[in-house]
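data37.tsv, holding TSV, C-alpha atoms and all ligand atoms:
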```tsv
chain	number	residue	atom	x	y	z
I	1	MET	CA	226.10	-53.79	-342.68
I	2	ARG	CA	223.93	-54.75	-345.63
I	3	ILE	CA	224.87	-58.01	-347.37
I	4	ARG	CA	225.96	-57.73	-351.00
I	5	LYS	CA	227.33	-61.16	-351.78
I	6	ALA	CA	225.37	-64.39	-352.03
I	7	VAL	CA	226.95	-67.84	-352.22
I	8	PHE	CA	225.13	-70.70	-353.94
I	9	PRO	CA	226.73	-74.07	-353.16
I	10	VAL	CA	225.69	-76.18	-356.14
I	11	ALA	CA	228.52	-78.70	-356.39
I	12	GLY	CA	226.66	-81.63	-354.84
I	13	LEU	CA	226.09	-84.77	-356.86
I	14	GLY	CA	222.29	-84.61	-356.81
I	15	THR	CA	221.98	-88.40	-356.63
I	16	ARG	CA	218.31	-88.23	-355.68
I	17	PHE	CA	217.53	-87.02	-359.19
I	18	LEU	CA	219.40	-89.69	-361.09
I	19	PRO	CA	219.19	-90.53	-363.91
I	20	ALA	CA	218.18	-86.97	-364.99
I	21	SER	CA	220.98	-85.40	-362.90
I	22	LYS	CA	223.55	-87.46	-364.80
I	23	VAL	CA	223.52	-84.71	-367.43
I	24	VAL	CA	221.19	-81.99	-366.10
I	25	PRO	CA	222.30	-80.40	-362.81
I	26	LYS	CA	219.37	-80.66	-360.39
I	27	GLU	CA	219.49	-76.86	-360.01
I	28	MET	CA	218.53	-76.65	-363.69
I	29	LEU	CA	215.49	-78.93	-363.39
I	30	PRO	CA	212.45	-76.75	-364.07
I	31	LEU	CA	209.70	-75.78	-361.72
I	32	ILE	CA	207.21	-75.32	-364.56
I	33	ASP	CA	209.27	-73.10	-366.89
I	34	ARG	CA	212.06	-71.74	-364.73
I	35	PRO	CA	215.02	-73.67	-363.40
I	36	LEU	CA	215.11	-74.23	-359.65
I	37	ILE	CA	218.18	-72.00	-359.25
I	38	GLN	CA	216.32	-68.99	-360.64
I	39	TYR	CA	214.05	-68.80	-357.60
I	40	ALA	CA	216.96	-68.57	-355.12
I	41	VAL	CA	218.79	-66.09	-357.36
I	42	GLU	CA	215.75	-63.80	-357.47
I	43	GLU	CA	215.46	-64.00	-353.69
I	44	ALA	CA	219.12	-62.94	-353.32
I	45	VAL	CA	218.81	-60.06	-355.80
I	46	GLU	CA	215.63	-58.87	-354.07
I	47	ALA	CA	217.55	-58.86	-350.76
I	48	GLY	CA	220.10	-56.46	-352.30
I	49	CYS	CA	222.87	-58.85	-353.39
I	50	ASP	CA	224.80	-57.74	-356.47
I	51	THR	CA	227.51	-60.43	-356.52
I	52	LEU	CA	226.39	-64.03	-356.90
I	53	VAL	CA	229.03	-66.67	-356.22
I	54	PHE	CA	228.26	-70.15	-357.51
I	55	ILE	CA	230.29	-73.04	-356.11
I	56	THR	CA	230.10	-75.58	-358.89
I	57	ASN	CA	231.86	-78.65	-360.24
I	58	ARG	CA	233.10	-79.60	-363.68
I	59	TYR	CA	229.79	-81.17	-364.70
I	60	LYS	CA	227.69	-78.08	-364.09
I	61	HIS	CA	228.47	-75.83	-367.05
I	62	ALA	CA	224.75	-75.51	-367.73
I	63	ILE	CA	224.40	-73.20	-364.71
I	64	ALA	CA	227.03	-70.77	-366.04
I	65	ASP	CA	225.50	-70.97	-369.53
I	66	TYR	CA	222.08	-70.15	-368.14
I	67	PHE	CA	223.28	-66.87	-366.60
I	68	ASP	CA	225.41	-65.96	-369.62
I	69	LYS	CA	224.20	-63.77	-372.47
I	70	ALA	CA	222.71	-65.85	-375.32
I	71	TYR	CA	223.62	-63.65	-378.33
I	72	GLU	CA	222.26	-65.92	-381.05
I	73	LEU	CA	218.98	-66.60	-379.28
I	74	GLU	CA	218.49	-62.90	-378.51
I	75	ALA	CA	219.21	-61.92	-382.13
I	76	LYS	CA	216.68	-64.48	-383.41
I	77	LEU	CA	213.97	-63.43	-380.97
I	78	GLU	CA	214.57	-59.78	-381.89
I	79	ALA	CA	214.42	-60.48	-385.64
I	80	ALA	CA	211.19	-62.46	-385.14
I	81	GLY	CA	209.66	-59.57	-383.15
I	82	LYS	CA	209.19	-61.82	-380.09
I	83	HIS	CA	209.76	-58.97	-377.66
I	84	GLU	CA	208.14	-60.56	-374.64
I	85	LEU	CA	210.34	-63.64	-374.88
I	86	LEU	CA	213.36	-61.44	-375.51
I	87	GLU	CA	212.69	-59.48	-372.32
I	88	MET	CA	212.24	-62.71	-370.39
I	89	VAL	CA	215.62	-64.03	-371.54
I	90	ARG	CA	217.34	-60.70	-370.87
I	91	ASP	CA	215.77	-60.32	-367.43
I	92	ILE	CA	217.20	-63.55	-366.04
I	93	LEU	CA	219.71	-61.33	-364.25
I	94	PRO	CA	219.47	-57.56	-363.75
I	95	ARG	CA	222.36	-55.63	-365.31
I	96	HIS	CA	223.91	-54.49	-362.04
I	97	VAL	CA	224.36	-58.08	-360.84
I	98	GLN	CA	227.57	-59.99	-361.54
I	99	THR	CA	228.18	-63.73	-361.33
I	100	VAL	CA	231.34	-65.52	-360.21
I	101	PHE	CA	231.91	-69.26	-360.64
I	102	VAL	CA	234.26	-71.13	-358.35
I	103	THR	CA	235.03	-74.82	-358.79
I	104	GLN	CA	234.88	-77.13	-355.79
I	105	HIS	CA	237.26	-79.81	-357.02
I	106	GLU	CA	235.94	-82.52	-354.70
I	107	ALA	CA	232.51	-82.73	-353.05
I	108	LEU	CA	233.87	-82.58	-349.48
I	109	GLY	CA	230.68	-81.19	-348.00
I	110	LEU	CA	228.59	-78.03	-347.71
I	111	GLY	CA	231.05	-76.42	-345.26
I	112	HIS	CA	233.90	-76.96	-347.68
I	113	ALA	CA	231.80	-75.56	-350.55
I	114	VAL	CA	231.19	-72.35	-348.55
I	115	LEU	CA	234.91	-72.10	-347.75
I	116	CYS	CA	235.61	-72.13	-351.51
I	117	ALA	CA	233.94	-68.68	-351.66
I	118	ARG	CA	236.38	-67.11	-349.19
I	119	ALA	CA	238.58	-65.26	-351.70
I	120	ILE	CA	235.55	-63.70	-353.40
I	121	VAL	CA	233.58	-62.82	-350.27
I	122	GLY	CA	236.51	-61.39	-348.29
I	123	ASP	CA	235.83	-59.74	-344.96
I	124	GLU	CA	232.13	-58.91	-345.04
I	125	PRO	CA	228.92	-60.62	-343.95
I	126	PHE	CA	227.39	-62.68	-346.73
I	127	ALA	CA	224.43	-64.88	-347.59
I	128	VAL	CA	224.36	-68.59	-348.38
I	129	LEU	CA	221.37	-69.95	-350.27
I	130	LEU	CA	220.74	-73.62	-351.01
I	131	PRO	CA	218.59	-73.59	-354.14
I	132	ASP	CA	217.05	-76.97	-353.18
I	133	ASP	CA	214.98	-75.06	-350.65
I	134	MET	CA	212.50	-73.06	-352.67
I	135	ILE	CA	210.76	-70.55	-350.40
I	136	TRP	CA	207.56	-69.12	-351.74
I	137	ASN	CA	205.56	-66.22	-350.40
I	138	ARG	CA	203.53	-63.29	-351.59
I	139	GLY	CA	205.45	-60.61	-349.72
I	140	ARG	CA	209.12	-59.99	-349.07
I	141	GLY	CA	211.42	-62.92	-349.72
I	142	ALA	CA	212.90	-64.94	-346.86
I	143	LEU	CA	216.44	-63.63	-347.42
I	144	GLN	CA	215.30	-60.03	-347.40
I	145	GLN	CA	213.50	-60.63	-344.10
I	146	MET	CA	216.72	-62.11	-342.70
I	147	ALA	CA	218.94	-59.32	-344.08
I	148	ASP	CA	216.87	-56.72	-342.21
I	149	ILE	CA	217.39	-58.59	-338.93
I	150	ALA	CA	221.11	-59.20	-339.54
I	151	GLU	CA	221.57	-55.49	-340.15
I	152	ARG	CA	219.45	-54.37	-337.21
I	153	ASP	CA	221.01	-56.76	-334.66
I	154	ALA	CA	224.53	-57.01	-336.19
I	155	ALA	CA	224.29	-60.79	-335.96
I	156	SER	CA	224.51	-63.88	-338.12
I	157	VAL	CA	221.03	-65.19	-338.93
I	158	ILE	CA	219.98	-68.69	-339.92
I	159	ALA	CA	216.58	-69.62	-341.27
I	160	VAL	CA	214.69	-72.24	-339.27
I	161	GLU	CA	211.41	-74.08	-339.48
I	162	ASP	CA	209.58	-76.46	-337.15
I	163	VAL	CA	209.70	-80.02	-338.46
I	164	PRO	CA	208.04	-83.22	-337.20
I	165	ARG	CA	210.28	-84.84	-334.55
I	166	GLU	CA	210.66	-87.98	-336.65
I	167	HIS	CA	212.43	-85.87	-339.31
I	168	THR	CA	215.18	-84.33	-337.13
I	169	HIS	CA	217.78	-86.75	-338.56
I	170	ARG	CA	217.42	-85.00	-341.94
I	171	TYR	CA	218.45	-81.51	-340.72
I	172	GLY	CA	220.78	-79.41	-338.65
I	173	ILE	CA	218.81	-78.78	-335.44
I	174	VAL	CA	219.21	-75.74	-333.18
I	175	SER	CA	218.67	-75.25	-329.47
I	176	ALA	CA	217.64	-71.67	-328.96
I	177	GLU	CA	216.24	-69.14	-326.51
I	178	ARG	CA	213.06	-67.45	-327.64
I	179	VAL	CA	213.17	-63.70	-328.33
I	180	ASP	CA	209.76	-63.41	-330.01
I	181	ASP	CA	207.47	-65.48	-332.29
I	182	HIS	CA	209.95	-65.33	-335.16
I	183	LEU	CA	213.32	-64.88	-333.50
I	184	ALA	CA	215.47	-66.88	-331.09
I	185	ARG	CA	219.07	-66.73	-329.87
I	186	VAL	CA	220.92	-69.85	-330.94
I	187	ARG	CA	222.68	-71.67	-328.09
I	188	GLY	CA	223.72	-74.81	-329.93
I	189	VAL	CA	223.46	-76.62	-333.26
I	190	ILE	CA	223.78	-80.28	-334.07
I	191	GLU	CA	223.82	-81.96	-337.47
I	192	LYS	CA	221.20	-84.64	-338.18
I	193	PRO	CA	220.40	-85.79	-334.60
I	194	ARG	CA	218.21	-88.85	-334.08
I	195	PRO	CA	214.69	-87.85	-332.91
I	196	GLU	CA	215.28	-89.17	-329.37
I	197	VAL	CA	218.37	-86.98	-328.82
I	198	ALA	CA	217.37	-83.87	-330.84
I	199	PRO	CA	217.44	-80.78	-328.57
I	200	SER	CA	214.39	-79.32	-330.37
I	201	THR	CA	212.43	-79.64	-333.59
I	202	LEU	CA	213.73	-76.34	-335.01
I	203	ALA	CA	215.45	-77.29	-338.24
I	204	ILE	CA	217.92	-75.19	-340.23
I	205	VAL	CA	216.78	-74.66	-343.80
I	206	GLY	CA	218.85	-73.43	-346.73
I	207	ARG	CA	219.25	-69.70	-345.99
I	208	TYR	CA	222.05	-68.22	-343.89
I	209	ILE	CA	223.55	-64.79	-343.29
I	210	LEU	CA	227.00	-65.33	-341.88
I	211	SER	CA	229.82	-63.36	-340.39
I	212	PRO	CA	233.06	-63.73	-342.41
I	213	LYS	CA	234.57	-65.26	-339.23
I	214	ILE	CA	232.95	-68.49	-340.40
I	215	PHE	CA	235.78	-68.93	-342.96
I	216	GLU	CA	238.51	-69.24	-340.30
I	217	LEU	CA	236.34	-71.72	-338.45
I	218	LEU	CA	235.63	-73.74	-341.59
I	219	GLN	CA	239.33	-73.92	-342.26
I	220	THR	CA	239.83	-75.90	-339.06
I	221	THR	CA	236.55	-77.86	-339.12
I	222	ARG	CA	237.15	-81.59	-339.50
I	223	ALA	CA	234.88	-83.92	-341.45
I	224	GLY	CA	231.77	-84.63	-339.36
I	225	SER	CA	228.44	-86.32	-340.05
I	226	GLY	CA	228.59	-88.36	-343.29
I	227	GLY	CA	232.37	-87.80	-343.59
I	228	GLU	CA	231.73	-84.27	-344.93
I	229	ILE	CA	232.91	-80.86	-343.71
I	230	GLN	CA	229.68	-79.58	-342.23
I	231	LEU	CA	228.65	-75.91	-342.19
I	232	THR	CA	226.68	-76.69	-339.01
I	233	ASP	CA	229.89	-77.62	-337.14
I	234	ALA	CA	231.48	-74.27	-338.04
I	235	ILE	CA	228.30	-72.45	-336.95
I	236	ALA	CA	228.54	-74.30	-333.61
I	237	ALA	CA	232.06	-72.85	-333.25
I	238	LEU	CA	230.96	-69.36	-334.35
I	239	LEU	CA	228.37	-69.33	-331.56
I	240	ARG	CA	231.04	-69.30	-328.88
I	241	ASP	CA	232.10	-65.73	-329.69
I	242	ASP	CA	229.43	-64.25	-331.94
I	243	PRO	CA	225.66	-63.73	-331.79
I	244	VAL	CA	223.72	-66.08	-334.05
I	245	LEU	CA	219.96	-65.73	-334.42
I	246	ALA	CA	217.48	-68.33	-335.61
I	247	TYR	CA	214.71	-66.78	-337.68
I	248	ARG	CA	211.37	-68.39	-338.51
I	249	PHE	CA	210.79	-66.85	-341.91
I	250	ILE	CA	207.41	-65.94	-343.37
I	251	GLY	CA	206.87	-68.13	-346.41
I	252	ARG	CA	206.35	-71.71	-347.44
I	253	ARG	CA	209.40	-73.89	-348.04
I	254	PHE	CA	209.52	-76.75	-350.51
I	255	ASP	CA	212.41	-79.19	-350.30
I	256	CYS	CA	213.10	-79.57	-354.00
I	257	GLY	CA	216.16	-81.73	-353.28
I	258	ASN	CA	213.85	-84.74	-353.34
I	259	ARG	CA	211.16	-85.93	-355.72
I	260	LEU	CA	208.13	-85.35	-353.50
I	261	GLY	CA	209.19	-81.77	-352.71
I	262	MET	CA	209.69	-81.07	-356.39
I	263	VAL	CA	206.18	-82.35	-357.18
I	264	GLN	CA	204.67	-80.34	-354.31
I	265	ALA	CA	206.41	-77.15	-355.47
I	266	THR	CA	205.35	-77.70	-359.07
I	267	VAL	CA	201.70	-78.23	-358.13
I	268	HIS	CA	201.78	-75.24	-355.78
I	269	LEU	CA	203.22	-72.93	-358.44
I	270	ALA	CA	200.78	-74.24	-361.05
I	271	LEU	CA	197.87	-73.44	-358.74
I	272	GLU	CA	199.27	-69.93	-358.17
I	273	ASP	CA	199.61	-69.32	-361.91
I	274	PRO	CA	196.49	-67.66	-363.36
I	275	GLU	CA	197.06	-69.29	-366.75
I	276	LEU	CA	197.39	-72.80	-365.36
I	277	HIS	CA	195.13	-72.69	-362.29
I	278	ASN	CA	191.79	-73.81	-363.75
I	279	ALA	CA	193.15	-76.57	-365.94
I	280	VAL	CA	195.20	-77.99	-363.09
I	281	VAL	CA	192.25	-77.92	-360.68
I	282	ALA	CA	190.06	-79.65	-363.29
I	283	MET	CA	192.70	-82.34	-363.80
I	284	MET	CA	193.03	-82.88	-360.05
I	285	ARG	CA	189.27	-83.16	-359.56
I	286	GLU	CA	189.05	-85.74	-362.32
I	287	ARG	CA	191.97	-87.71	-360.90
I	288	LEU	CA	190.66	-87.58	-357.33
I	289	ALA	CA	187.24	-88.77	-358.48
I	290	LEU	CA	188.94	-91.83	-359.99
I	291	GLU	CA	190.85	-92.44	-356.73
I	292	THR	CA	187.66	-92.45	-354.62
I	293	ASN	CA	185.65	-94.67	-357.00
I	301	LIG	P1	222.85	-82.27	-350.44
I	301	LIG	O1	223.13	-82.88	-349.11
I	301	LIG	O2	221.42	-82.05	-350.80
I	301	LIG	O3	223.55	-83.19	-351.53
I	301	LIG	O4	223.66	-80.91	-350.50
I	301	LIG	P2	223.42	-83.21	-353.09
I	301	LIG	O5	224.65	-83.85	-353.59
I	301	LIG	O6	223.11	-81.87	-353.67
I	301	LIG	O7	222.15	-84.14	-353.42
I	301	LIG	P3	221.89	-85.71	-353.20
I	301	LIG	O8	221.72	-85.87	-351.72
I	301	LIG	O9	223.05	-86.49	-353.76
I	301	LIG	O10	220.63	-85.95	-353.98
I	301	LIG	C1	223.15	-79.71	-349.95
I	301	LIG	C2	223.67	-78.53	-350.75
I	301	LIG	O11	225.08	-78.44	-350.63
I	301	LIG	C3	225.71	-78.46	-351.90
I	301	LIG	C4	224.71	-79.15	-352.81
I	301	LIG	O12	224.92	-78.76	-354.17
I	301	LIG	C5	223.39	-78.65	-352.24
I	301	LIG	O13	223.08	-77.33	-352.71
I	301	LIG	N1	227.00	-79.20	-351.75
I	301	LIG	C6	227.05	-80.33	-351.04
I	301	LIG	C7	228.13	-78.68	-352.37
I	301	LIG	O14	228.10	-77.63	-353.05
I	301	LIG	N2	229.30	-79.36	-352.20
I	301	LIG	C8	229.40	-80.50	-351.47
I	301	LIG	O15	230.51	-81.04	-351.34
I	301	LIG	C9	228.23	-81.00	-350.87
```

For the file at hand, write its structure as structure tokens.
Amino acid sequence: MRIRKAVFPVAGLGTRFLPASKVVPKEMLPLIDRPLIQYAVEEAVEAGCDTLVFITNRYKHAIADYFDKAYELEAKLEAAGKHELLEMVRDILPRHVQTVFVTQHEALGLGHAVLCARAIVGDEPFAVLLPDDMIWNRGRGALQQMADIAERDAASVIAVEDVPREHTHRYGIVSAERVDDHLARVRGVIEKPRPEVAPSTLAIVGRYILSPKIFELLQTTRAGSGGEIQLTDAIAALLRDDPVLAYRFIGRRFDCGNRLGMVQATVHLALEDPELHNAVVAMMRERLALETN
């Protein structure tokens, strides 16, 4: 079955971007001229999702405002004949796509945030996208690649990437049996293992296609690593009865949940932008020349 609903857990505190995140949700920080959340939303829409469920908290009104219609702004742009800008503002979301906002009253963890979407998602497979992970590529988006596999194999699919062993404590890590270069059958998952005990270096990144059975399992999942209800623990339970595939997506991931990742993504997108490319390269050359002198 094709996925139609995408869940965006965005109720975290975003402490790594303080002080900016005191008033600007980190999902609204721009990568050049578009907020981080826009990239994940476009990926979900491209994959066929028409219902976007945002799990937010009381400080994140800016996200709802961003996807809302801006009547005054649109009227002004229209009157000024700024049609290109008008289109840009109107195209933030295609017309057939609806948004739903659910409040997570307490930040009890990613697993709990996903559980908050239960009433909206109901009994169908769905996607979860963490906007912190910005996945760039020239071809089909990572979620669309995953949706094809989920449909073909009638399985849950989680996106994975090889990480350096010294970084395993930052991720959920899977043990899996290889199917081909991109696909493996998940046998186990563990949240943030120390490098010496990690079963592999295959790390879960922020894209999931999940069976609705995950909700029942989340309901009974106790707080785990970091005192939070972990999605990884519920996936470990799901594995006992259901097929779960690990998919190495085609694309480059930037972890925009931290400062370095945000800088890397910004520079990457600037270099890919025909209007910015030459000026950015010139600036880098000049700066690097200073570094080596
Ligand atoms: P992170 O672990 O990156 O936490 O959450 P964070 O609060 O966003 O950021 P830092 O670490 O304080 O800087 C991973 C994802 O899970 C969501 C976050 O919004 C982010 O998309 N999340 C986390 C929730 O929606 N609710 C929670 O209770 C916890």

Box centre and edge lengths (Å, one decimal), axis-aligned, ligand LIG 301 (chain I) plus 4 Å each side, as lines of an AutoDock Vina configuration file:
```
center_x = 225.6
center_y = -81.9
center_z = -351.6
size_x = 17.9
size_y = 17.2
size_z = 13.1
```

Notebook entry, point to check: Got a sec to check which residues sit within 7 Å of (223.6, -52.3, -344.0), counting only C-alpha atoms, and write them as a PyMOL selection string?
Noted result: chain I and resi 1-3+151

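Residues near the point (208.7, -62.4, -347.1), at a distance of 8 Å or less over all atoms listed in the file, make up I:Asn137, I:Arg138, I:Gly139, I:Arg140, I:Gly141, I:Ala142, I:Leu143, I:Gln144, I:Gln145, I:Phe249, I:Ile250, I:Gly251.
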
Margin query: Using only C-alpha atoms and all ligand atoms, which residues of the polymer chains come no farther than 10 Å from ligand LIG 301 (chain I)? I'd like the answer as a PyMOL selection string.
Written below: chain I and resi 7-18+21+25-27+37+54-57+103-114+116+128-133+170-171+206+226+228-231+255-259

Next item on the list: Go through I:Val281, I:Met88, I:Ala237, I:Val174 one by one, measure the shortest atom-to-atom distance of each to His268 in chain I using all atoms listed in the file, and give the residue with the smallest value.
Entry: I:Val281

Missing atoms in range 56-67 of chain I should be modelled up to all heavy atoms and reported as a compact mmCIF listing (two decimals), in the frame of the given file.
```txt
# COMPACT_ATOMS: atom_id res chain seq x y z
N THR I 56 230.58 -74.55 -357.97
CA THR I 56 230.10 -75.58 -358.89
C THR I 56 231.15 -76.68 -359.05
O THR I 56 232.22 -76.64 -358.44
CB THR I 56 229.80 -74.99 -360.29
OG1 THR I 56 231.03 -74.55 -360.85
CG2 THR I 56 228.85 -73.84 -360.23
N ASN I 57 230.86 -77.65 -359.89
CA ASN I 57 231.86 -78.65 -360.24
C ASN I 57 231.94 -78.76 -361.76
O ASN I 57 231.19 -78.08 -362.47
CB ASN I 57 231.55 -79.99 -359.58
CG ASN I 57 230.26 -80.61 -360.09
OD1 ASN I 57 229.90 -80.44 -361.26
ND2 ASN I 57 229.55 -81.32 -359.24
N ARG I 58 232.82 -79.60 -362.23
CA ARG I 58 233.10 -79.60 -363.68
C ARG I 58 231.93 -80.09 -364.54
O ARG I 58 231.96 -79.96 -365.74
CB ARG I 58 234.37 -80.40 -363.98
CG ARG I 58 234.30 -81.87 -363.64
CD ARG I 58 235.64 -82.54 -363.84
NE ARG I 58 235.92 -83.61 -362.92
CZ ARG I 58 236.22 -83.48 -361.63
NH1 ARG I 58 236.24 -82.30 -361.10
NH2 ARG I 58 236.46 -84.51 -360.87
N TYR I 59 230.92 -80.67 -363.90
CA TYR I 59 229.79 -81.17 -364.70
C TYR I 59 228.67 -80.14 -364.82
O TYR I 59 227.64 -80.40 -365.42
CB TYR I 59 229.22 -82.44 -364.05
CG TYR I 59 230.26 -83.51 -363.89
CD1 TYR I 59 230.73 -83.86 -362.63
CD2 TYR I 59 230.80 -84.16 -365.01
CE1 TYR I 59 231.70 -84.83 -362.48
CE2 TYR I 59 231.77 -85.13 -364.85
CZ TYR I 59 232.22 -85.46 -363.60
OH TYR I 59 233.18 -86.41 -363.45
N LYS I 60 228.85 -78.97 -364.20
CA LYS I 60 227.69 -78.08 -364.09
C LYS I 60 227.79 -76.83 -364.95
O LYS I 60 227.39 -75.75 -364.54
CB LYS I 60 227.47 -77.73 -362.62
CG LYS I 60 227.20 -78.99 -361.79
CD LYS I 60 226.20 -78.77 -360.71
CE LYS I 60 225.82 -80.08 -360.04
NZ LYS I 60 224.94 -79.91 -358.90
N HIS I 61 228.33 -76.98 -366.16
CA HIS I 61 228.47 -75.83 -367.05
C HIS I 61 227.12 -75.20 -367.39
O HIS I 61 227.04 -74.02 -367.68
CB HIS I 61 229.16 -76.24 -368.35
CG HIS I 61 230.56 -76.71 -368.10
ND1 HIS I 61 231.54 -75.87 -367.67
CD2 HIS I 61 231.11 -77.93 -368.19
CE1 HIS I 61 232.65 -76.55 -367.50
NE2 HIS I 61 232.43 -77.80 -367.81
N ALA I 62 226.07 -76.01 -367.34
CA ALA I 62 224.75 -75.51 -367.73
C ALA I 62 224.33 -74.32 -366.86
O ALA I 62 223.63 -73.42 -367.32
CB ALA I 62 223.71 -76.62 -367.62
N ILE I 63 224.80 -74.31 -365.60
CA ILE I 63 224.40 -73.20 -364.71
C ILE I 63 225.05 -71.90 -365.19
O ILE I 63 224.39 -70.87 -365.31
CB ILE I 63 224.76 -73.51 -363.24
CG1 ILE I 63 224.02 -74.77 -362.79
CG2 ILE I 63 224.42 -72.32 -362.34
CD1 ILE I 63 224.34 -75.22 -361.37
N ALA I 64 226.34 -71.96 -365.53
CA ALA I 64 227.03 -70.77 -366.04
C ALA I 64 226.41 -70.34 -367.37
O ALA I 64 226.19 -69.14 -367.61
CB ALA I 64 228.52 -71.05 -366.20
N ASP I 65 226.10 -71.30 -368.22
CA ASP I 65 225.50 -70.97 -369.53
C ASP I 65 224.16 -70.26 -369.34
O ASP I 65 223.83 -69.33 -370.07
CB ASP I 65 225.25 -72.25 -370.35
CG ASP I 65 226.56 -72.90 -370.76
OD1 ASP I 65 227.61 -72.25 -370.65
OD2 ASP I 65 226.52 -74.09 -371.17
N TYR I 66 223.41 -70.72 -368.35
CA TYR I 66 222.08 -70.15 -368.14
C TYR I 66 222.15 -68.66 -367.79
O TYR I 66 221.32 -67.87 -368.24
CB TYR I 66 221.36 -70.92 -367.02
CG TYR I 66 220.00 -70.39 -366.70
CD1 TYR I 66 218.95 -70.54 -367.61
CD2 TYR I 66 219.73 -69.73 -365.51
CE1 TYR I 66 217.68 -70.04 -367.33
CE2 TYR I 66 218.48 -69.23 -365.22
CZ TYR I 66 217.46 -69.39 -366.13
OH TYR I 66 216.21 -68.89 -365.87
N PHE I 67 223.18 -68.28 -367.01
CA PHE I 67 223.28 -66.87 -366.60
C PHE I 67 224.11 -66.03 -367.58
O PHE I 67 224.26 -64.83 -367.41
CB PHE I 67 223.84 -66.76 -365.18
CG PHE I 67 222.87 -67.26 -364.15
CD1 PHE I 67 223.07 -68.48 -363.52
CD2 PHE I 67 221.72 -66.54 -363.86
CE1 PHE I 67 222.15 -68.96 -362.58
CE2 PHE I 67 220.80 -67.01 -362.93
CZ PHE I 67 221.01 -68.22 -362.30
```
